[in-house]
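File shown here: coords07.json, holding JSON, C-alpha atoms.
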[["chain", "number", "residue", "atom", "x", "y", "z"],
["R", 1, "MET", "CA", 0.00, 0.00, 0.00],
["R", 2, "PRO", "CA", 1.28, 3.54, -0.69],
["R", 3, "MET", "CA", 2.48, 5.37, 2.41],
["R", 4, "VAL", "CA", 1.30, 8.86, 3.16],
["R", 5, "GLY", "CA", 4.12, 11.34, 3.83],
["R", 6, "VAL", "CA", 4.19, 11.96, 7.56],
["R", 7, "SER", "CA", 5.41, 15.54, 7.50],
["R", 8, "SER", "CA", 2.83, 16.66, 4.96],
["R", 9, "CYS", "CA", 0.03, 15.33, 7.15],
["R", 10, "LEU", "CA", 0.94, 17.40, 10.21],
["R", 11, "THR", "CA", -0.10, 21.01, 10.63],
["R", 12, "THR", "CA", 2.03, 23.48, 12.55],
["R", 13, "GLY", "CA", -0.43, 23.31, 15.42],
["R", 14, "LEU", "CA", -0.17, 19.55, 15.64],
["R", 15, "LEU", "CA", 3.62, 19.74, 15.57],
["R", 16, "GLY", "CA", 3.48, 22.12, 18.50],
["R", 17, "THR", "CA", 1.24, 19.68, 20.35],
["R", 18, "VAL", "CA", 3.65, 16.84, 19.60],
["R", 19, "LEU", "CA", 6.61, 18.83, 20.92],
["R", 20, "ARG", "CA", 4.73, 19.68, 24.11],
["R", 21, "THR", "CA", 3.84, 16.01, 24.45],
["R", 22, "GLN", "CA", 7.51, 15.06, 24.23],
["R", 23, "ARG", "CA", 8.43, 17.57, 26.93],
["R", 24, "ARG", "CA", 5.86, 15.89, 29.16],
["R", 25, "ALA", "CA", 7.01, 12.38, 28.19],
["R", 26, "ALA", "CA", 9.87, 12.36, 30.68],
["R", 27, "LEU", "CA", 7.29, 12.81, 33.43],
["R", 28, "ILE", "CA", 4.42, 10.70, 32.17],
["R", 29, "GLY", "CA", 3.22, 8.07, 34.58],
["R", 30, "THR", "CA", 4.90, 10.09, 37.37],
["R", 31, "ALA", "CA", 8.12, 8.56, 36.09],
["R", 32, "ARG", "CA", 11.49, 9.97, 36.92],
["R", 33, "LEU", "CA", 13.42, 9.31, 33.74],
["R", 34, "CYS", "CA", 16.92, 7.94, 34.19],
["R", 35, "HIS", "CA", 18.42, 8.37, 30.74],
["R", 36, "SER", "CA", 22.05, 8.91, 29.76],
["R", 37, "GLY", "CA", 22.88, 9.74, 33.35],
["R", 38, "SER", "CA", 20.24, 12.43, 33.83],
["R", 39, "THR", "CA", 17.15, 12.43, 36.03],
["R", 40, "ALA", "CA", 13.99, 14.41, 35.38],
["R", 41, "SER", "CA", 12.10, 15.48, 38.49],
["R", 42, "SER", "CA", 8.61, 14.17, 39.16],
["R", 43, "PRO", "CA", 5.90, 16.85, 39.29],
["R", 44, "HIS", "CA", 4.83, 15.61, 42.70],
["R", 45, "GLY", "CA", 8.11, 14.31, 44.13],
["R", 46, "ASP", "CA", 7.71, 12.13, 47.20],
["R", 47, "LYS", "CA", 3.94, 12.64, 47.21],
["R", 48, "ASP", "CA", 3.81, 9.98, 44.50],
["R", 49, "LYS", "CA", 2.97, 6.72, 46.22],
["R", 50, "MET", "CA", 4.21, 4.78, 43.21],
["R", 51, "ARG", "CA", 6.50, 5.85, 40.43],
["R", 52, "VAL", "CA", 8.27, 4.25, 37.50],
["R", 53, "GLU", "CA", 11.85, 5.01, 36.50],
["R", 54, "ILE", "CA", 13.02, 4.13, 32.99],
["R", 55, "LEU", "CA", 16.51, 2.61, 32.83],
["R", 56, "PRO", "CA", 17.77, 2.14, 29.25],
["R", 57, "ALA", "CA", 19.99, -0.93, 28.84],
["R", 58, "LEU", "CA", 22.13, -2.62, 26.17],
["R", 59, "GLN", "CA", 21.37, -1.35, 22.66],
["R", 60, "ASP", "CA", 17.60, -0.91, 22.83],
["R", 61, "ASN", "CA", 16.32, -2.63, 25.98],
["R", 62, "TYR", "CA", 14.46, -1.03, 28.85],
["R", 63, "MET", "CA", 14.65, -1.96, 32.51],
["R", 64, "TYR", "CA", 12.14, -0.38, 34.86],
["R", 65, "LEU", "CA", 12.43, 0.51, 38.51],
["R", 66, "LEU", "CA", 9.09, 0.56, 40.38],
["R", 67, "VAL", "CA", 9.38, 2.61, 43.54],
["R", 68, "ASP", "CA", 6.90, 2.53, 46.42],
["R", 69, "ASN", "CA", 7.41, 5.71, 48.39],
["R", 70, "VAL", "CA", 5.06, 4.56, 51.14],
["R", 71, "HIS", "CA", 7.05, 1.53, 52.26],
["R", 72, "LYS", "CA", 10.36, 2.68, 50.72],
["R", 73, "VAL", "CA", 10.81, -0.47, 48.66],
["R", 74, "ALA", "CA", 11.37, -1.07, 44.96],
["R", 75, "ALA", "CA", 11.13, -3.75, 42.30],
["R", 76, "VAL", "CA", 12.96, -3.95, 39.01],
["R", 77, "VAL", "CA", 11.68, -5.34, 35.72],
["R", 78, "ASP", "CA", 14.16, -7.31, 33.57],
["R", 79, "PRO", "CA", 17.44, -6.10, 35.16],
["R", 80, "VAL", "CA", 19.85, -7.13, 32.42],
["R", 81, "GLN", "CA", 22.45, -4.59, 33.65],
["R", 82, "PRO", "CA", 22.54, -5.21, 37.42],
["R", 83, "LYS", "CA", 25.16, -2.62, 38.37],
["R", 84, "LYS", "CA", 23.15, 0.14, 36.73],
["R", 85, "VAL", "CA", 20.13, -0.92, 38.79],
["R", 86, "VAL", "CA", 22.08, -1.07, 42.05],
["R", 87, "ASP", "CA", 23.69, 2.32, 41.42],
["R", 88, "ARG", "CA", 20.30, 3.90, 40.79],
["R", 89, "VAL", "CA", 18.76, 2.40, 43.93],
["R", 90, "LYS", "CA", 21.72, 3.65, 45.98],
["R", 91, "ALA", "CA", 21.24, 7.12, 44.52],
["R", 92, "LEU", "CA", 17.66, 7.12, 45.80],
["R", 93, "GLY", "CA", 18.98, 6.90, 49.36],
["R", 94, "ASP", "CA", 16.27, 5.37, 51.53],
["R", 95, "ILE", "CA", 14.79, 2.90, 49.00],
["R", 96, "ARG", "CA", 15.38, -0.84, 49.42],
["R", 97, "LEU", "CA", 15.31, -3.19, 46.39],
["R", 98, "THR", "CA", 13.33, -6.32, 47.25],
["R", 99, "THR", "CA", 11.96, -7.84, 44.05],
["R", 100, "VAL", "CA", 12.75, -8.78, 40.46],
["R", 101, "LEU", "CA", 9.91, -9.08, 37.94],
["R", 102, "THR", "CA", 11.12, -11.09, 34.94],
["R", 103, "THR", "CA", 8.96, -11.06, 31.83],
["R", 104, "HIS", "CA", 10.68, -14.01, 30.10],
["R", 105, "HIS", "CA", 13.82, -16.09, 30.03],
["R", 106, "HIS", "CA", 15.72, -14.54, 27.10],
["R", 107, "TRP", "CA", 19.20, -13.39, 28.12],
["R", 108, "ASP", "CA", 18.56, -9.71, 27.39],
["R", 109, "HIS", "CA", 15.78, -9.75, 30.00],
["R", 110, "ALA", "CA", 16.77, -12.39, 32.56],
["R", 111, "GLY", "CA", 20.53, -12.49, 31.99],
["R", 112, "GLY", "CA", 21.32, -10.16, 34.87],
["R", 113, "ASN", "CA", 19.26, -11.90, 37.55],
["R", 114, "THR", "CA", 22.02, -14.02, 39.07],
["R", 115, "GLU", "CA", 24.49, -11.16, 39.32],
["R", 116, "LEU", "CA", 21.85, -8.88, 40.81],
["R", 117, "CYS", "CA", 20.98, -11.52, 43.42],
["R", 118, "THR", "CA", 24.66, -11.65, 44.34],
["R", 119, "LEU", "CA", 24.86, -7.88, 44.65],
["R", 120, "VAL", "CA", 21.57, -7.70, 46.60],
["R", 121, "PRO", "CA", 21.07, -10.92, 48.61],
["R", 122, "GLY", "CA", 17.56, -12.04, 49.49],
["R", 123, "LEU", "CA", 15.74, -10.80, 46.41],
["R", 124, "LYS", "CA", 12.50, -12.46, 45.37],
["R", 125, "VAL", "CA", 12.64, -13.27, 41.64],
["R", 126, "TYR", "CA", 9.30, -13.73, 39.92],
["R", 127, "GLY", "CA", 8.76, -15.23, 36.48],
["R", 128, "GLY", "CA", 6.74, -17.70, 34.47],
["R", 129, "ASP", "CA", 9.49, -20.01, 33.22],
["R", 130, "ARG", "CA", 11.96, -22.30, 34.97],
["R", 131, "ARG", "CA", 14.58, -21.24, 32.42],
["R", 132, "ILE", "CA", 14.74, -17.85, 34.17],
["R", 133, "GLN", "CA", 17.94, -17.27, 36.13],
["R", 134, "SER", "CA", 17.69, -17.38, 39.94],
["R", 135, "LEU", "CA", 13.92, -17.86, 39.89],
["R", 136, "THR", "CA", 12.41, -18.04, 43.39],
["R", 137, "ASP", "CA", 8.68, -17.68, 42.64],
["R", 138, "GLU", "CA", 7.29, -19.38, 39.53],
["R", 139, "LEU", "CA", 4.10, -17.88, 38.14],
["R", 140, "LYS", "CA", 1.46, -19.56, 36.01],
["R", 141, "GLY", "CA", -0.68, -16.48, 35.44],
["R", 142, "ASN", "CA", -3.55, -14.83, 37.33],
["R", 143, "GLU", "CA", -1.55, -14.67, 40.56],
["R", 144, "THR", "CA", -1.67, -11.47, 42.58],
["R", 145, "PHE", "CA", 0.85, -10.28, 45.13],
["R", 146, "THR", "CA", 2.07, -7.07, 46.71],
["R", 147, "ILE", "CA", 5.36, -5.19, 46.71],
["R", 148, "GLY", "CA", 5.03, -2.74, 49.56],
["R", 149, "SER", "CA", 1.73, -1.02, 48.84],
["R", 150, "MET", "CA", 1.80, -1.85, 45.11],
["R", 151, "ASN", "CA", -0.63, -4.51, 43.88],
["R", 152, "VAL", "CA", 0.80, -6.76, 41.15],
["R", 153, "SER", "CA", -1.14, -9.07, 38.84],
["R", 154, "ALA", "CA", 0.63, -11.65, 36.67],
["R", 155, "LEU", "CA", -0.78, -12.00, 33.15],
["R", 156, "HIS", "CA", 0.33, -15.15, 31.33],
["R", 157, "THR", "CA", 0.90, -14.17, 27.68],
["R", 158, "PRO", "CA", 2.59, -17.14, 25.97],
["R", 159, "CYS", "CA", 3.76, -16.84, 22.37],
["R", 160, "HIS", "CA", 7.07, -14.99, 22.21],
["R", 161, "THR", "CA", 8.07, -17.57, 24.81],
["R", 162, "THR", "CA", 5.91, -20.20, 26.48],
["R", 163, "GLY", "CA", 6.37, -18.68, 29.93],
["R", 164, "HIS", "CA", 6.04, -14.98, 29.12],
["R", 165, "ILE", "CA", 4.43, -12.89, 31.87],
["R", 166, "CYS", "CA", 3.18, -9.31, 31.71],
["R", 167, "TYR", "CA", 2.91, -7.50, 35.04],
["R", 168, "SER", "CA", 0.02, -5.16, 35.83],
["R", 169, "VAL", "CA", 0.88, -2.89, 38.76],
["R", 170, "LYS", "CA", -1.46, -0.53, 40.61],
["R", 171, "SER", "CA", -1.33, 1.65, 43.69],
["R", 172, "PRO", "CA", -4.11, 0.89, 46.21],
["R", 173, "THR", "CA", -4.99, 4.58, 46.60],
["R", 174, "PRO", "CA", -5.31, 7.42, 44.08],
["R", 175, "GLU", "CA", -2.05, 8.94, 42.87],
["R", 176, "PRO", "CA", -1.48, 12.71, 43.03],
["R", 177, "ASP", "CA", -0.67, 12.57, 39.31],
["R", 178, "ALA", "CA", -3.57, 11.08, 37.33],
["R", 179, "ARG", "CA", -1.18, 9.56, 34.81],
["R", 180, "LEU", "CA", -0.59, 6.57, 37.10],
["R", 181, "GLU", "CA", -4.10, 6.53, 38.51],
["R", 182, "HIS", "CA", -4.94, 3.50, 36.37],
["R", 183, "GLY", "CA", -1.62, 1.76, 36.94],
["R", 184, "ALA", "CA", 1.02, 0.44, 34.58],
["R", 185, "VAL", "CA", 1.60, -2.77, 32.69],
["R", 186, "PHE", "CA", 5.06, -4.07, 31.89],
["R", 187, "THR", "CA", 4.74, -6.07, 28.69],
["R", 188, "GLY", "CA", 8.26, -7.30, 27.95],
["R", 189, "ASP", "CA", 8.37, -8.68, 24.41],
["R", 190, "THR", "CA", 4.63, -9.37, 24.06],
["R", 191, "LEU", "CA", 3.33, -5.87, 23.35],
["R", 192, "PHE", "CA", 5.51, -3.09, 21.97],
["R", 193, "ILE", "CA", 4.44, 0.43, 21.11],
["R", 194, "GLY", "CA", 2.90, -0.07, 17.69],
["R", 195, "GLY", "CA", 3.85, -3.74, 17.49],
["R", 196, "CYS", "CA", 4.22, -7.14, 19.14],
["R", 197, "GLY", "CA", 6.94, -9.73, 19.68],
["R", 198, "ARG", "CA", 7.88, -12.49, 17.30],
["R", 199, "PHE", "CA", 6.12, -15.83, 17.72],
["R", 200, "PHE", "CA", 9.25, -17.77, 18.74],
["R", 201, "GLU", "CA", 7.50, -20.37, 20.89],
["R", 202, "GLY", "CA", 3.84, -19.88, 20.06],
["R", 203, "THR", "CA", 1.13, -19.30, 17.52],
["R", 204, "ALA", "CA", -0.95, -16.48, 16.08],
["R", 205, "LYS", "CA", -3.85, -17.70, 18.21],
["R", 206, "GLN", "CA", -1.79, -17.31, 21.36],
["R", 207, "MET", "CA", -0.69, -13.81, 20.40],
["R", 208, "GLN", "CA", -4.30, -12.91, 19.63],
["R", 209, "ASP", "CA", -5.28, -14.16, 23.08],
["R", 210, "ALA", "CA", -2.49, -12.08, 24.62],
["R", 211, "MET", "CA", -3.59, -8.93, 22.78],
["R", 212, "ASP", "CA", -7.20, -9.55, 23.85],
["R", 213, "LYS", "CA", -6.10, -9.97, 27.47],
["R", 214, "LEU", "CA", -4.19, -6.69, 27.41],
["R", 215, "ALA", "CA", -7.01, -4.92, 25.56],
["R", 216, "HIS", "CA", -9.30, -5.63, 28.53],
["R", 217, "LEU", "CA", -7.10, -3.56, 30.85],
["R", 218, "SER", "CA", -8.02, 0.06, 31.49],
["R", 219, "PRO", "CA", -7.50, 2.16, 28.35],
["R", 220, "HIS", "CA", -5.71, 4.67, 30.58],
["R", 221, "MET", "CA", -3.19, 2.13, 31.90],
["R", 222, "SER", "CA", 0.38, 3.05, 30.99],
["R", 223, "VAL", "CA", 2.31, 0.56, 28.84],
["R", 224, "TYR", "CA", 6.03, -0.01, 29.41],
["R", 225, "CYS", "CA", 7.54, -2.44, 26.91],
["R", 226, "GLY", "CA", 10.88, -4.21, 26.74],
["R", 227, "HIS", "CA", 12.50, -2.57, 23.71],
["R", 228, "GLU", "CA", 12.74, 0.71, 21.83],
["R", 229, "TYR", "CA", 11.24, -0.46, 18.53],
["R", 230, "THR", "CA", 8.59, 2.24, 18.20],
["R", 231, "VAL", "CA", 9.67, 4.05, 15.03],
["R", 232, "ALA", "CA", 10.14, 0.87, 13.01],
["R", 233, "ASN", "CA", 6.86, -0.55, 14.32],
["R", 234, "LEU", "CA", 4.88, 2.56, 13.43],
["R", 235, "LYS", "CA", 6.37, 2.71, 9.94],
["R", 236, "PHE", "CA", 5.00, -0.78, 9.40],
["R", 237, "ALA", "CA", 1.67, 0.19, 10.98],
["R", 238, "LEU", "CA", 1.43, 3.12, 8.58],
["R", 239, "SER", "CA", 2.03, 0.83, 5.61],
["R", 240, "VAL", "CA", -0.97, -1.20, 6.75],
["R", 241, "GLU", "CA", -3.25, 1.76, 7.53],
["R", 242, "PRO", "CA", -1.82, 4.71, 5.57],
["R", 243, "GLN", "CA", -4.74, 6.99, 6.42],
["R", 244, "ASN", "CA", -4.66, 6.41, 10.19],
["R", 245, "GLN", "CA", -4.09, 9.90, 11.60],
["R", 246, "LYS", "CA", -3.28, 8.51, 15.06],
["R", 247, "THR", "CA", -0.43, 6.48, 13.56],
["R", 248, "ILE", "CA", 0.85, 9.46, 11.59],
["R", 249, "ALA", "CA", 0.92, 11.68, 14.66],
["R", 250, "ARG", "CA", 2.47, 9.05, 16.94],
["R", 251, "LEU", "CA", 5.19, 8.22, 14.40],
["R", 252, "HIS", "CA", 6.17, 11.86, 14.11],
["R", 253, "SER", "CA", 6.17, 12.16, 17.89],
["R", 254, "ALA", "CA", 8.38, 9.06, 18.20],
["R", 255, "GLU", "CA", 10.83, 10.32, 15.59],
["R", 256, "ILE", "CA", 11.23, 13.58, 17.51],
["R", 257, "SER", "CA", 11.84, 11.66, 20.74],
["R", 258, "ARG", "CA", 14.53, 9.50, 19.17],
["R", 259, "LYS", "CA", 16.29, 12.48, 17.60],
["R", 260, "LEU", "CA", 16.45, 13.90, 21.12],
["R", 261, "ASN", "CA", 17.74, 10.53, 22.39],
["R", 262, "GLN", "CA", 14.64, 10.18, 24.55],
["R", 263, "PRO", "CA", 12.54, 7.03, 25.06],
["R", 264, "THR", "CA", 9.16, 6.71, 23.39],
["R", 265, "VAL", "CA", 7.73, 4.82, 26.37],
["R", 266, "PRO", "CA", 5.24, 4.84, 27.91],
["R", 267, "SER", "CA", 2.16, 4.42, 25.76],
["R", 268, "THR", "CA", -1.31, 3.53, 27.02],
["R", 269, "ILE", "CA", -3.62, 0.63, 26.26],
["R", 270, "GLY", "CA", -6.11, 3.05, 24.71],
["R", 271, "HIS", "CA", -3.51, 4.53, 22.40],
["R", 272, "GLU", "CA", -2.33, 1.10, 21.28],
["R", 273, "LEU", "CA", -5.90, 0.24, 20.33],
["R", 274, "GLU", "CA", -5.89, 3.31, 18.09],
["R", 275, "PHE", "CA", -2.73, 2.64, 16.08],
["R", 276, "ASN", "CA", -1.15, -0.74, 16.86],
["R", 277, "PRO", "CA", -2.23, -3.12, 14.05],
["R", 278, "PHE", "CA", -1.67, -6.18, 16.26],
["R", 279, "MET", "CA", -4.28, -4.84, 18.69],
["R", 280, "ARG", "CA", -6.70, -4.00, 15.88],
["R", 281, "THR", "CA", -7.09, -7.45, 14.33],
["R", 282, "ARG", "CA", -10.74, -7.73, 15.38],
["R", 283, "LEU", "CA", -11.64, -4.72, 13.23],
["R", 284, "THR", "CA", -13.28, -5.58, 9.92],
["R", 285, "SER", "CA", -11.24, -2.84, 8.24],
["R", 286, "MET", "CA", -7.97, -4.44, 9.41],
["R", 287, "GLN", "CA", -9.05, -7.90, 8.30],
["R", 288, "GLU", "CA", -10.02, -6.56, 4.90],
["R", 289, "ALA", "CA", -6.74, -4.68, 4.58],
["R", 290, "MET", "CA", -4.86, -7.93, 5.19],
["R", 291, "GLY", "CA", -7.14, -10.00, 2.94],
["R", 292, "CYS", "CA", -8.25, -12.17, 5.86],
["R", 293, "ALA", "CA", -11.59, -13.32, 7.24],
["R", 294, "ASP", "CA", -10.88, -13.50, 10.98],
["R", 295, "CYS", "CA", -8.67, -12.05, 13.67],
["R", 296, "VAL", "CA", -6.26, -14.99, 14.02],
["R", 297, "SER", "CA", -5.43, -15.23, 10.33],
["R", 298, "THR", "CA", -5.06, -11.43, 10.32],
["R", 299, "MET", "CA", -2.63, -11.69, 13.24],
["R", 300, "ALA", "CA", -0.62, -14.34, 11.38],
["R", 301, "LYS", "CA", -0.50, -12.28, 8.17],
["R", 302, "LEU", "CA", 0.51, -9.13, 10.04],
["R", 303, "ARG", "CA", 3.35, -10.94, 11.76],
["R", 304, "GLU", "CA", 4.53, -12.50, 8.49],
["R", 305, "ASP", "CA", 4.47, -9.11, 6.75],
["R", 306, "LYS", "CA", 6.21, -7.38, 9.65],
["R", 307, "ASN", "CA", 8.96, -10.02, 9.63],
["R", 308, "ASN", "CA", 9.63, -9.18, 5.98],
["R", 309, "PHE", "CA", 9.06, -5.41, 6.21],
["R", 310, "ARG", "CA", 11.96, -3.27, 5.06],
["R", 311, "GLY", "CA", 10.19, 0.08, 4.85],
["R", 312, "ALA", "CA", 12.27, 3.21, 5.19]]
Go ahead and express the file in the form of structure tokens.
Amino acid sequence: MPMVGVSSCLTTGLLGTVLRTQRRAALIGTARLCHSGSTASSPHGDKDKMRVEILPALQDNYMYLLVDNVHKVAAVVDPVQPKKVVDRVKALGDIRLTTVLTTHHHWDHAGGNTELCTLVPGLKVYGGDRRIQSLTDELKGNETFTIGSMNVSALHTPCHTTGHICYSVKSPTPEPDARLEHGAVFTGDTLFIGGCGRFFEGTAKQMQDAMDKLAHLSPHMSVYCGHEYTVANLKFALSVEPQNQKTIARLHSAEISRKLNQPTVPSTIGHELEFNPFMRTRLTSMQEAMGCADCVSTMAKLREDKNNFRGA
């Protein structure tokens, strides 16, 4: 399908909105952004009961530090660079790291677990696969547990790997900043901004089930994924739906963020339903665009096309 030029579709007013959005992105979800050694201040500081810090890792991975300011404890998602995590926790002063949330067993997500457990003895390590390093608490899905005052729900989303877990995290009381009022979900390599993970150990049906499960979360829930793939994903999304104005705007926003060496996370569930083709497979328009008659075959065709996509 022909691709609409992104720049020509954006008015000056929209560009201004996008730029303002990017300035707010470092704070969205009451996150303090730890990026290239700098820290952006939260608009509410220690009044935030729960906050998320973004810790870039390796070439394009993200680790996430979840901080509970009520009980002064923290958890980390996929700590592939343990020393970076430990240094950040030490910089916070009175916060104690207690928990590791591992989305799946691949080395770039679980490969730092053993070293981190050596650096910080006594950690609980959650995950859905016995192949995960230093696992202490195996999850099957649908379990709930707490980290300080934070409520965590384990969502089993097999496909990328058989034991993949997404973690939904909520504060028990309203947050001062409404951007975390509906919580956050850490999706590893199941859901990316504008895309999804490869089906290494699963099927299109399983990925469809995973997308449906995530789609039933609050549309306002923040989405923190495992990799910075947003620009490439949205270029593919635009090739599928070239007239989707939400995709056009989000791609331009993401390109600005990357030029500034800033992350494109977080998204929200609601936004993903607007422009992520892998979350739109139940739409008749998406099925027709892919020449398919149902959501599962549409999912399979999208993944096949994305695997072969070389769009500029």
Long-range neighbours of R:Phe186 as an mmCIF file with C-alpha atoms, in the coordinates of the input, 6 Å cut-off, all atoms listed in the file, 3 positions minimum in chain:
data_model
loop_
_atom_site.group_PDB
_atom_site.id
_atom_site.type_symbol
_atom_site.label_atom_id
_atom_site.label_comp_id
_atom_site.auth_asym_id
_atom_site.auth_seq_id
_atom_site.Cartn_x
_atom_site.Cartn_y
_atom_site.Cartn_z
ATOM 1 C CA CYS R 166 3.180 -9.310 31.710
ATOM 2 C CA TYR R 167 2.910 -7.500 35.040
ATOM 3 C CA TYR R 224 6.030 -0.010 29.410
ATOM 4 C CA CYS R 225 7.540 -2.440 26.910
#
Close residues, R:Val73 itself excluded, 8 Å, only C-alpha atoms, min 6 positions apart in chain, as a PDB file with C-alpha atoms, in the frame of the given file:
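Generated file (result_16.pdb):
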ATOM      1  CA  VAL R  67       9.380   2.610  43.540  1.00  0.00           C
ATOM      2  CA  ILE R  95      14.790   2.900  49.000  1.00  0.00           C
ATOM      3  CA  ARG R  96      15.380  -0.840  49.420  1.00  0.00           C
ATOM      4  CA  LEU R  97      15.310  -3.190  46.390  1.00  0.00           C
ATOM      5  CA  THR R  98      13.330  -6.320  47.250  1.00  0.00           C
ATOM      6  CA  ILE R 147       5.360  -5.190  46.710  1.00  0.00           C
ATOM      7  CA  GLY R 148       5.030  -2.740  49.560  1.00  0.00           C
TER       8      GLY R 148
END
I need every residue sitting at most 10 Å from the point (-4.2, -22.4, 30.1) (coordinates as in the file, all atoms listed in the file considered), written as an mmCIF file with C-alpha atoms, keeping the file's coordinate frame.
data_model
loop_
_atom_site.group_PDB
_atom_site.id
_atom_site.type_symbol
_atom_site.label_atom_id
_atom_site.label_comp_id
_atom_site.auth_asym_id
_atom_site.auth_seq_id
_atom_site.Cartn_x
_atom_site.Cartn_y
_atom_site.Cartn_z
ATOM 1 C CA LYS R 140 1.460 -19.560 36.010
ATOM 2 C CA GLY R 141 -0.680 -16.480 35.440
ATOM 3 C CA HIS R 156 0.330 -15.150 31.330
ATOM 4 C CA THR R 157 0.900 -14.170 27.680
ATOM 5 C CA PRO R 158 2.590 -17.140 25.970
#
Could you pull the residues within 12 Å of R:Gly226, counting all atoms listed in the file, minus those fewer than 6 positions along the same chain, as number ranges by chain? R: 54-64, 77-80, 102-104, 106, 108-110, 165-167, 185-193, 195-197, 263-266
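From atom CA of R:Met290 back to atom CA of R:Val231, the distance works out to 21.2 Å.
Comparing R:Arg250, R:Arg280, R:Arg198, R:His216 by their smallest distance to R:Asn308, the closest is R:Arg198 (using only C-alpha atoms).
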Atomic separation - atom CA of R:Glu288 relative to atom CA of R:Leu217, Å: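 That distance, rounded to one decimal, is 26.3 Å.
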Choose the residue, out of R:Ala249, R:Leu238, R:Val169, R:Leu123, that has the smallest atom-to-atom separation from R:Val223; count only C-alpha atoms.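 The shortest atom-to-atom distance to R:Val223 comes from R:Val169.
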